[in-house]
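> Starting off with a structure, shown below.
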Amino acid sequence: MTPAAKKSKSPEQSDKSIVRKTYSVRPSEVVRQWHLVNAADVPLGRLSTEIAKLLTGKHKPQFSPHIDCGDHVIVINSSKVGITGKKASQKVYYRHSQYPGSIKATKLEYQLDTNPDKVILQAVRGMLPKNKLQPERLKRLKVYSDENHAHQAQQPTEHKIQLKKAAKLER
């Protein structure tokens, strides 16, 4: 090292070593908030990704993938969710009871008419990480088909979903 280089040491490079520790939130330090999301005329995929971010806590600066630091989410107007393209008539949900020949198929448009809450629940479940935290995160998701919900006492903050461009909604 040249003598000029020795003189140009910054305070961080001095002989004292600086110890920097990464902060990791503890489960007892997690503060959960309540968010209200209006699903009317919002595409199902964009809605589901935003809800999954809120449930996992990725919008918080103290996010840790191994600790459940997400918030509660209330979704209203699930019956008015937007579907783009021909998905309403072409998308099919399958379920099977593990007995031979017992596969059942349900189209998206029928599911939206009978139980629209289940459509959003299945979409969000598919976007959450598949680990031990998934059931606890899904318990914090409350979906309602109209504007009435039973969580006024929690004073939820309204969460607006930013759409990049206007989508051509089928429904």
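In the structure tokens, chains take the letters A, B, ... in the order shown, each chain's residues start at 1, and ligands count up from 1 in the order shown.
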Any idea what's packed within 10 Å of segment 56-72 of chain A, counting only C-alpha atoms, ignoring anything in its chain fewer than 6 positions away? Could you give it as a VMD selection string?
chain A and resid 23 to 36 50 128 to 129 131 to 134 136 to 142 154 156
> Near Val81 of chain A, within 8 Å and counting only C-alpha atoms, which residues show up once chain neighbours fewer than 6 positions away are dropped, as a PyMOL selection string?
chain A and resi 39-44
> Using only C-alpha atoms, which of the listed residues (A:Ser79, A:Pro135, A:Thr157, A:Lys130) sits closest to Tyr110 of chain A?
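Once distances to Tyr110 of chain A are computed over only C-alpha atoms, the minimum belongs to A:Ser79.
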> Provide the atom CA of Val143 of chain A to atom CA of Leu112 of chain A distance in Å, to one decimal place.
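For atom CA of Val143 of chain A relative to atom CA of Leu112 of chain A, the distance reads 13.1 Å.
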> Just list the residues in segment 118-166 of chain A DSSP gives strand (DSSP E or B) on the backbone, as a PyMOL selection string.
chain A and resi 141-143+157-158
> To one decimal place in Å, what is the distance between atom CA of Asn38 of chain A and atom CA of Asp146 of chain A?
9.6 Å
> Looking at A:Gln122, A:Thr49, A:Thr84, A:Gln152, which one is nearest to Ala166 of chain A, with distances taken over only C-alpha atoms?
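When distances to Ala166 of chain A are compared using only C-alpha atoms, the smallest one comes from A:Thr84.
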> Rounded to one decimal place, report the atom CA of Gly85 of chain A-atom CA of Glu170 of chain A distance in Å.
6.2 Å
> Give me, as an NGL selection string, all polymer residues having an atom no more than 8 Å from Thr106 of chain A, counting only C-alpha atoms and skipping those fewer than 5 positions away in the same chain.
:A and (92-94 or 111)
> Next, the residues of the selection above should be written as a CSV table (one decimal), in the first residue's frame with C-alpha atoms.

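So out-v6.csv came out as:
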chain,number,residue,atom,x,y,z
A,92,VAL,CA,-62.9,-24.9,-15.4
A,93,TYR,CA,-62.3,-25.7,-11.8
A,94,TYR,CA,-61.8,-29.4,-11.1
A,111,GLN,CA,-69.0,-20.6,-9.7
